[in-house]
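So this one's work26.cif, mmCIF, C-alpha atoms:
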data_start
#
loop_
_atom_site.label_atom_id
_atom_site.label_comp_id
_atom_site.auth_asym_id
_atom_site.auth_seq_id
_atom_site.Cartn_x
_atom_site.Cartn_y
_atom_site.Cartn_z
CA MET A 1 39.84 -122.45 -50.47
CA ASN A 2 38.78 -119.19 -52.06
CA GLU A 3 39.43 -119.26 -55.81
CA THR A 4 38.63 -115.63 -56.51
CA ILE A 5 39.60 -112.29 -55.03
CA ASP A 6 37.69 -109.02 -55.00
CA VAL A 7 39.05 -106.06 -56.90
CA THR A 8 37.59 -102.78 -58.13
CA VAL A 9 37.60 -102.27 -61.89
CA ASN A 10 36.41 -98.89 -63.15
CA GLY A 11 34.65 -98.32 -59.85
CA GLU A 12 32.81 -101.66 -59.91
CA HIS A 13 33.51 -104.60 -57.61
CA ARG A 14 34.57 -107.65 -59.56
CA ALA A 15 35.72 -111.12 -58.64
CA VAL A 16 38.84 -112.26 -60.45
CA ALA A 17 40.76 -115.50 -60.29
CA ARG A 18 43.42 -115.59 -57.61
CA GLY A 19 46.84 -115.11 -59.20
CA ALA A 20 45.46 -113.47 -62.34
CA THR A 21 47.65 -110.93 -64.08
CA LEU A 22 46.43 -107.61 -65.49
CA LEU A 23 46.70 -109.11 -68.97
CA GLU A 24 44.47 -112.02 -67.93
CA LEU A 25 42.01 -109.56 -66.41
CA LEU A 26 41.79 -107.74 -69.75
CA GLU A 27 41.31 -111.04 -71.55
CA SER A 28 38.53 -112.01 -69.18
CA LEU A 29 36.79 -108.73 -70.03
CA ALA A 30 37.31 -109.29 -73.78
CA LEU A 31 39.43 -106.14 -74.01
CA ASP A 32 42.30 -105.77 -76.46
CA PRO A 33 45.34 -104.51 -74.50
CA ARG A 34 46.30 -102.34 -77.48
CA THR A 35 43.13 -100.29 -77.11
CA VAL A 36 43.12 -99.56 -73.37
CA VAL A 37 45.43 -97.98 -70.84
CA VAL A 38 45.68 -99.70 -67.47
CA GLU A 39 46.10 -97.85 -64.20
CA HIS A 40 46.81 -100.19 -61.29
CA ASN A 41 46.50 -98.61 -57.83
CA ARG A 42 47.07 -95.19 -59.39
CA ALA A 43 50.19 -96.24 -61.34
CA ILE A 44 50.14 -96.68 -65.10
CA VAL A 45 51.21 -100.14 -66.21
CA ARG A 46 52.62 -100.20 -69.73
CA ARG A 47 51.46 -102.81 -72.20
CA PRO A 48 54.58 -104.99 -72.17
CA SER A 49 54.37 -105.28 -68.37
CA LEU A 50 50.69 -106.26 -68.13
CA GLY A 51 51.45 -109.99 -68.14
CA GLY A 52 53.91 -109.62 -65.27
CA VAL A 53 51.71 -107.82 -62.75
CA THR A 54 49.53 -109.99 -60.52
CA VAL A 55 46.29 -108.56 -59.18
CA ALA A 56 45.85 -108.58 -55.40
CA SER A 57 42.72 -108.43 -53.28
CA GLY A 58 41.41 -104.87 -52.90
CA ASP A 59 43.34 -103.50 -55.86
CA ALA A 60 41.85 -100.57 -57.75
CA ILE A 61 42.17 -100.88 -61.50
CA GLU A 62 41.15 -98.29 -64.06
CA LEU A 63 40.80 -99.16 -67.73
CA VAL A 64 40.55 -96.09 -69.96
CA HIS A 65 40.53 -95.18 -73.62
CA PHE A 66 39.79 -92.21 -75.87
CA VAL A 67 36.21 -91.13 -76.37
CA GLY A 68 34.68 -88.19 -78.19
CA GLY A 69 35.43 -84.86 -76.54
CA GLY A 70 36.18 -81.22 -77.20
CA MET B 1 49.73 -62.92 -99.30
CA VAL B 2 51.67 -65.96 -98.19
CA ASP B 3 50.93 -67.14 -94.67
CA THR B 4 53.33 -68.85 -92.29
CA THR B 5 52.67 -72.39 -91.13
CA LEU B 6 51.08 -72.94 -87.74
CA THR B 7 53.77 -74.50 -85.54
CA ILE B 8 53.02 -75.68 -82.00
CA GLY B 9 55.58 -77.40 -79.81
CA GLY B 10 57.96 -77.83 -82.73
CA ARG B 11 55.37 -79.47 -84.97
CA SER B 12 53.79 -77.86 -88.01
CA PHE B 13 50.13 -78.21 -88.91
CA ARG B 14 48.36 -77.62 -92.21
CA SER B 15 45.11 -76.21 -90.81
CA ARG B 16 44.41 -73.43 -88.31
CA LEU B 17 41.08 -75.03 -87.48
CA MET B 18 41.03 -77.70 -84.77
CA VAL B 19 37.90 -79.66 -83.98
CA GLY B 20 36.51 -81.81 -81.19
CA THR B 21 34.86 -85.20 -81.43
CA GLY B 22 32.18 -84.86 -78.75
CA LYS B 23 28.39 -84.63 -78.87
CA TYR B 24 27.83 -85.75 -82.47
CA ARG B 25 24.57 -87.57 -83.11
CA ASP B 26 26.51 -90.50 -84.53
CA ASN B 27 30.09 -91.41 -85.34
CA GLU B 28 29.60 -91.40 -89.09
CA THR B 29 28.44 -87.76 -89.00
CA MET B 30 31.42 -86.94 -86.81
CA ALA B 31 33.90 -88.51 -89.22
CA ARG B 32 32.34 -86.75 -92.23
CA ALA B 33 32.19 -83.37 -90.47
CA ILE B 34 35.84 -83.59 -89.38
CA ALA B 35 36.88 -84.46 -92.92
CA ALA B 36 34.83 -81.52 -94.30
CA SER B 37 36.38 -79.09 -91.82
CA GLY B 38 39.88 -79.70 -93.17
CA ALA B 39 41.18 -79.86 -89.60
CA GLU B 40 44.29 -81.84 -88.80
CA ILE B 41 44.26 -81.53 -85.01
CA VAL B 42 41.34 -83.41 -83.48
CA THR B 43 40.64 -83.48 -79.76
CA VAL B 44 39.57 -86.50 -77.73
CA ALA B 45 38.76 -87.17 -74.07
CA VAL B 46 40.02 -89.89 -71.71
CA ARG B 47 37.30 -91.94 -70.03
CA ARG B 48 36.69 -95.33 -68.50
CA VAL B 49 36.04 -98.18 -70.89
CA ASN B 50 32.44 -99.28 -70.57
CA LEU B 51 32.89 -102.89 -69.45
CA ASP B 52 29.43 -103.91 -70.57
CA ARG B 53 29.69 -102.72 -74.15
CA THR B 54 31.75 -103.34 -77.24
CA GLN B 55 34.92 -101.50 -78.15
CA GLU B 56 33.12 -99.61 -80.90
CA GLU B 57 32.45 -96.74 -78.52
CA GLY B 58 36.15 -95.87 -78.56
CA VAL B 59 36.70 -92.90 -80.83
CA LEU B 60 39.76 -94.47 -82.49
CA TYR B 61 37.42 -97.01 -84.01
CA HIS B 62 36.02 -94.19 -86.15
CA LEU B 63 39.02 -91.89 -86.70
CA ASP B 64 42.21 -92.86 -88.45
CA PRO B 65 45.08 -91.82 -86.16
CA GLN B 66 47.39 -91.82 -89.19
CA LYS B 67 45.28 -89.12 -90.80
CA TYR B 68 44.62 -86.86 -87.82
CA PHE B 69 46.76 -85.51 -85.03
CA LEU B 70 44.98 -86.59 -81.85
CA LEU B 71 45.06 -84.02 -79.08
CA ALA B 72 43.82 -85.48 -75.80
CA ASN B 73 42.18 -83.20 -73.27
CA THR B 74 41.73 -83.23 -69.51
CA ALA B 75 38.10 -82.13 -69.71
CA GLY B 76 36.11 -82.72 -66.57
CA CYS B 77 39.08 -82.23 -64.21
CA TYR B 78 38.54 -79.80 -61.35
CA ASN B 79 42.01 -79.76 -59.82
CA ALA B 80 45.62 -79.95 -60.94
CA GLN B 81 46.24 -83.48 -59.62
CA ASP B 82 43.33 -84.96 -61.56
CA ALA B 83 44.38 -83.10 -64.71
CA VAL B 84 47.92 -84.44 -64.39
CA ARG B 85 46.58 -87.96 -63.87
CA TYR B 86 44.41 -87.74 -67.00
CA ALA B 87 47.27 -86.26 -69.01
CA ARG B 88 49.54 -89.17 -68.10
CA LEU B 89 46.87 -91.69 -69.07
CA ALA B 90 46.30 -89.80 -72.32
CA ARG B 91 49.99 -89.90 -73.20
CA GLU B 92 49.97 -93.64 -72.64
CA ALA B 93 46.82 -94.12 -74.72
CA GLY B 94 47.86 -91.77 -77.45
CA PHE B 95 50.45 -91.09 -80.03
CA ASN B 96 52.10 -87.88 -78.86
CA GLU B 97 53.06 -85.82 -75.82
CA PHE B 98 50.61 -82.99 -76.55
CA ILE B 99 47.84 -82.32 -74.06
CA LYS B 100 44.98 -79.84 -74.11
CA LEU B 101 45.00 -78.96 -70.44
CA GLU B 102 41.73 -78.04 -68.80
CA VAL B 103 41.38 -77.42 -65.09
CA ILE B 104 37.83 -76.29 -64.53
CA GLY B 105 36.99 -74.03 -61.60
CA ASP B 106 33.21 -73.70 -61.81
CA GLN B 107 30.57 -76.20 -62.86
CA GLU B 108 28.06 -73.62 -64.03
CA THR B 109 30.31 -71.68 -66.41
CA LEU B 110 33.12 -74.22 -66.91
CA LEU B 111 35.51 -71.32 -66.51
CA PRO B 112 39.11 -72.32 -65.79
CA ASP B 113 40.76 -72.48 -62.37
CA VAL B 114 43.84 -70.50 -63.33
CA GLN B 115 45.86 -71.41 -60.24
CA GLY B 116 45.23 -75.11 -60.81
CA LEU B 117 46.02 -74.61 -64.48
CA LEU B 118 49.40 -73.06 -63.70
CA ASP B 119 50.24 -75.79 -61.16
CA ALA B 120 49.33 -78.58 -63.59
CA THR B 121 51.21 -76.86 -66.42
CA ARG B 122 54.43 -76.74 -64.41
CA THR B 123 54.17 -80.43 -63.48
CA LEU B 124 53.39 -81.54 -67.02
CA VAL B 125 56.03 -79.37 -68.70
CA ALA B 126 58.62 -80.86 -66.32
CA GLU B 127 57.48 -84.32 -67.49
CA GLY B 128 58.03 -83.40 -71.13
CA PHE B 129 54.45 -82.70 -72.13
CA LYS B 130 53.60 -80.09 -74.77
CA VAL B 131 50.86 -78.23 -72.94
CA LEU B 132 48.08 -76.31 -74.70
CA ALA B 133 46.30 -74.57 -71.85
CA TYR B 134 42.61 -73.69 -71.96
CA THR B 135 42.32 -70.37 -70.15
CA ASN B 136 40.22 -67.24 -69.95
CA GLU B 137 41.00 -63.99 -71.77
CA ASP B 138 43.08 -62.61 -68.89
CA LEU B 139 46.44 -61.34 -70.15
CA VAL B 140 48.35 -61.88 -66.91
CA THR B 141 47.30 -65.53 -66.70
CA ALA B 142 48.30 -66.00 -70.33
CA LEU B 143 51.73 -64.50 -69.63
CA ARG B 144 52.20 -66.78 -66.61
CA LEU B 145 51.21 -69.81 -68.69
CA GLU B 146 53.79 -68.87 -71.29
CA GLU B 147 56.44 -68.44 -68.58
CA ALA B 148 55.49 -71.85 -67.20
CA GLY B 149 56.38 -73.39 -70.55
CA CYS B 150 53.07 -73.85 -72.39
CA ALA B 151 53.42 -74.76 -76.07
CA ALA B 152 50.26 -72.76 -76.79
CA VAL B 153 47.77 -70.70 -74.83
CA MET B 154 44.07 -71.15 -75.54
CA PRO B 155 41.88 -68.29 -74.38
CA LEU B 156 38.15 -68.80 -74.67
CA ALA B 157 35.87 -66.84 -77.00
CA SER B 158 32.99 -67.49 -74.58
CA PRO B 159 32.05 -70.37 -72.25
CA ILE B 160 32.40 -73.95 -73.51
CA GLY B 161 29.37 -75.05 -75.51
CA SER B 162 27.67 -71.65 -75.25
CA GLY B 163 27.96 -70.58 -78.89
CA LEU B 164 28.00 -66.94 -77.76
CA GLY B 165 30.89 -66.05 -80.05
CA LEU B 166 33.86 -63.81 -79.32
CA LEU B 167 32.81 -61.78 -76.25
CA ASN B 168 36.11 -60.01 -75.62
CA PRO B 169 37.98 -59.31 -78.86
CA PHE B 170 40.19 -56.79 -77.07
CA GLY B 171 41.29 -59.36 -74.45
CA VAL B 172 42.12 -61.98 -77.05
CA ARG B 173 43.92 -59.46 -79.27
CA THR B 174 45.96 -58.24 -76.31
CA ILE B 175 47.03 -61.80 -75.43
CA LYS B 176 48.03 -62.42 -79.04
CA ALA B 177 50.02 -59.19 -79.14
CA ARG B 178 52.00 -60.03 -76.02
CA LEU B 179 52.71 -63.77 -76.28
CA LYS B 180 55.39 -65.44 -78.35
CA VAL B 181 53.82 -68.90 -78.25
CA PRO B 182 50.81 -69.57 -80.49
CA VAL B 183 47.42 -68.35 -79.29
CA VAL B 184 44.53 -70.61 -80.25
CA VAL B 185 41.02 -69.55 -79.28
CA ASP B 186 39.16 -72.45 -77.71
CA ALA B 187 35.44 -72.62 -76.99
CA GLY B 188 32.41 -70.46 -77.58
CA VAL B 189 32.43 -70.02 -81.34
CA GLY B 190 28.86 -70.55 -82.59
CA THR B 191 28.82 -69.91 -86.31
CA ALA B 192 31.04 -68.96 -89.23
CA SER B 193 31.00 -65.20 -88.57
CA ASP B 194 32.26 -65.87 -85.02
CA ALA B 195 35.15 -67.90 -86.42
CA CYS B 196 35.95 -65.24 -89.01
CA LEU B 197 35.87 -62.40 -86.46
CA THR B 198 38.04 -64.43 -84.09
CA MET B 199 40.68 -65.09 -86.75
CA GLU B 200 40.61 -61.40 -87.72
CA GLN B 201 42.05 -60.65 -84.26
CA GLY B 202 45.28 -62.24 -85.48
CA VAL B 203 45.17 -65.40 -83.38
CA ASP B 204 46.92 -68.50 -84.69
CA GLY B 205 43.94 -70.82 -84.76
CA ILE B 206 40.57 -71.86 -83.34
CA LEU B 207 39.39 -75.02 -81.65
CA MET B 208 35.68 -75.76 -81.76
CA ASN B 209 33.36 -78.69 -81.13
CA THR B 210 29.74 -77.88 -80.34
CA ALA B 211 29.42 -75.38 -83.21
CA LEU B 212 29.80 -78.32 -85.57
CA ALA B 213 28.21 -81.11 -83.56
CA ALA B 214 25.09 -79.12 -82.67
CA ALA B 215 24.54 -77.55 -86.11
CA ARG B 216 21.50 -78.79 -88.01
CA ASP B 217 23.90 -80.04 -90.68
CA PRO B 218 27.29 -80.63 -89.03
CA VAL B 219 29.06 -81.52 -92.29
CA ALA B 220 27.91 -78.32 -94.03
CA MET B 221 28.80 -76.25 -90.97
CA ALA B 222 32.24 -77.85 -90.83
CA ARG B 223 32.87 -76.78 -94.43
CA ALA B 224 31.63 -73.24 -93.63
CA MET B 225 33.90 -73.05 -90.59
CA GLY B 226 36.91 -74.12 -92.61
CA LEU B 227 36.20 -71.31 -95.08
CA ALA B 228 35.54 -68.81 -92.26
CA VAL B 229 38.86 -69.57 -90.58
CA GLU B 230 40.66 -69.08 -93.88
CA ALA B 231 38.71 -65.89 -94.65
CA GLY B 232 39.37 -64.40 -91.22
CA ARG B 233 43.05 -65.28 -91.40
CA GLY B 234 43.28 -63.81 -94.90
CA ALA B 235 41.58 -60.56 -93.82
CA TYR B 236 43.92 -60.27 -90.82
CA LEU B 237 46.97 -60.69 -93.05
CA ALA B 238 45.55 -58.28 -95.63
CA GLY B 239 45.04 -55.56 -93.00
CA ARG B 240 41.62 -53.98 -92.79
CA MET B 241 40.87 -50.35 -93.75
CA PRO B 242 40.62 -47.82 -90.94
CA ARG B 243 37.21 -47.22 -89.42
CA ARG B 244 35.83 -43.70 -90.04
CA GLU B 245 32.84 -42.02 -88.46
CA VAL B 246 32.10 -40.16 -91.72
CA ALA B 247 31.25 -41.27 -95.25
CA VAL B 248 33.92 -40.99 -97.93
CA PRO B 249 32.65 -41.28 -101.50
CA SER B 250 34.04 -44.09 -103.58
CA SER B 251 33.28 -42.38 -106.93
CA PRO B 252 35.06 -39.21 -108.22
CA LEU B 253 33.59 -35.82 -107.33
CA GLU B 254 35.02 -34.40 -110.58
CA GLY B 255 33.29 -34.88 -113.91
CA MET B 256 29.77 -34.42 -112.60
CA LEU B 257 27.27 -32.85 -115.06
CA ASP B 258 26.11 -29.21 -114.59
#

Could you express the structure from this file as structure tokens?
Amino acid sequence: MNETIDVTVNGEHRAVARGATLLELLESLALDPRTVVVEHNRAIVRRPSLGGVTVASGDAIELVHFVGGG
Amino acid sequence: MVDTTLTIGGRSFRSRLMVGTGKYRDNETMARAIAASGAEIVTVAVRRVNLDRTQEEGVLYHLDPQKYFLLANTAGCYNAQDAVRYARLAREAGFNEFIKLEVIGDQETLLPDVQGLLDATRTLVAEGFKVLAYTNEDLVTALRLEEAGCAAVMPLASPIGSGLGLLNPFGVRTIKARLKVPVVVDAGVGTASDACLTMEQGVDGILMNTALAAARDPVAMARAMGLAVEAGRGAYLAGRMPRREVAVPSSPLEGMLD
């Protein structure tokens, strides 16, 4: 049985545990959910919902924050 | 002379100078320069988190969001859909519904794609955003942006990062004369005299980044820019003397010795 699935995070292929939520994905990347915004298959997922959304194989996830800019 | 307060999208701001956070040699210099500028509105960009590095690269780690009003931009977007996507992410990441909207049309000059800008403005205004639109010095585009519901229109002084100063004072002055929403000049200011001359056109404010970040001493330049914006604003309110093509003596002609 395959224990991980392949997803794309910020353009990179990553293996995540089957059944993982977006919140668990952030935890696995050592990211504080208060400091990033999550876009899941082009839809923004708000912080309170991150623990309720399960990642599926082939999903595209973008994790963004503010950087210096003009 | 008492000035009015700068009000954009129903919110009042204490400074007419707005500054960016990009391209500084280090974050400590950035934080000190921004403090020295006296700016309240500070722009930031939305980018992917670097998954291989620490969170310290995030700009909020170095800027107190209680102290500054963070204005996210859509820099790097080349069409309306991308700009709208970035704006939505920015609203989620940020603390307000203000967005500095950029839709770039040309990689070489970074000049705006005005059609894309108008399209994105309409979408974002309908979603409740307060849109500050980076545009060129074309009056008709500025009028359309105002009609589309922009909270402020931001004509350029010269191309982003060029430091060429105010290339078209007439264009900027004309936009200011015709629009009811605030006009904030964005991009191209290189040094204090550019900022002063720009404010003397009567515009409501200036946004700059590279002029500070790329100065030999960004903190000293930030202080100079703060003074220049105030000086230019003051001169505009005071009303300059008319230009004459002939000399007019300042001392009396009477009372001269034989």

message = Please list as a list of chain:residue names every residue within 8 Å of Gly19 in chain A, counting only C-alpha atoms and excluding residues in the same chain fewer than 4 positions away.
response = A:Thr54, A:Val55, A:Ala56

ask   = Skipping near chain neighbours, those fewer than 4 positions away, what residues fall within 10 Å of Asp6 in chain A using all atoms listed in the file, listed as a ChimeraX atom specification?
value = /A:13-18,55-60

task = Check what the PyMOL selection byres ((chain B and resi 118) around 12) selects in the file above and give those residues as a PyMOL selection string.
result = chain B and resi 79-81+83-84+101-103+112-117+119-125+131-135+140-150+153

inquiry  = Running the PyMOL selection byres ((chain B) within 10 of (chain A)) on this model by hand, what would come out? Give it as a PyMOL selection string.
reply    = chain B and resi 18-24+27+30+42-52+54-55+57-61+70-75+85-86+88-94+100+160-161+186-187+207-210

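CA of Asp64 in chain B lies 25.8 Å from CA of Leu50 in chain A.
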
request  = Select, from A:Thr8, A:Glu3, A:Thr21, A:His40, the residue with the minimum atom-to-atom distance to Gly52 in chain A, counting only C-alpha atoms.
outcome  =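 Checking each of A:Thr8, A:Glu3, A:Thr21, A:His40 against Gly52 in chain A, counting only C-alpha atoms, the winner is A:Thr21.
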
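CA of His62 in chain B to CA of Ala31 in chain B spans 6.8 Å [interatomic distance, one decimal].
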
task = Mind giving me the straight-line distance from CA of Glu200 in chain B to CA of Pro159 in chain B in Å, one decimal?
result =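 Here the two named atoms are 19.8 Å from each other.
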
message = Selection in question (the file shown): the PyMOL selection byres ((chain B and resi 156) around 9). Which residues does it include, as a list in words?
response = Leu111, Tyr134, Thr135, Asn136, Glu137, Met154, Pro155, Ala157, Ser158, Pro159, Ile160, Leu166, Leu167, Val172, Val184, Val185, Asp186, Ala187, Gly188 and Val189 of chain B

inquiry  = I'd like the neighbourhood of Val219 in chain B as a ChimeraX atom specification, where a residue qualifies if any of its atoms comes within 8 Å (using all atoms listed in the file), though same-chain residues fewer than 4 positions away should be ignored.
reply    = /B:29,32-34,36-37,212,223

For a cut-off of 8 Å around (35.6, -70.8, -86.1), file coordinates, pick out all residues using only C-alpha atoms and list them as a tab-separated table (two decimals) with C-alpha atoms, in the frame of the given file.
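As a result, part.tsv now contains:
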chain	number	residue	atom	x	y	z
B	17	LEU	CA	41.08	-75.03	-87.48
B	189	VAL	CA	32.43	-70.02	-81.34
B	190	GLY	CA	28.86	-70.55	-82.59
B	191	THR	CA	28.82	-69.91	-86.31
B	192	ALA	CA	31.04	-68.96	-89.23
B	193	SER	CA	31.00	-65.20	-88.57
B	194	ASP	CA	32.26	-65.87	-85.02
B	195	ALA	CA	35.15	-67.90	-86.42
B	196	CYS	CA	35.95	-65.24	-89.01
B	198	THR	CA	38.04	-64.43	-84.09
B	199	MET	CA	40.68	-65.09	-86.75
B	206	ILE	CA	40.57	-71.86	-83.34
B	207	LEU	CA	39.39	-75.02	-81.65
B	208	MET	CA	35.68	-75.76	-81.76
B	225	MET	CA	33.90	-73.05	-90.59
B	226	GLY	CA	36.91	-74.12	-92.61
B	228	ALA	CA	35.54	-68.81	-92.26
B	229	VAL	CA	38.86	-69.57	-90.58

From B:Leu6, B:Arg25, B:Ala220, B:Gly105, residue lying nearest Val181 in chain B [all atoms listed in the file] = B:Leu6

task = Might you pull out every residue within 8 Å of Glu97 in chain B, with all atoms listed in the file counted and same-chain residues fewer than 3 positions away left off, and present them as a ChimeraX atom specification?
result = /B:91,128-130
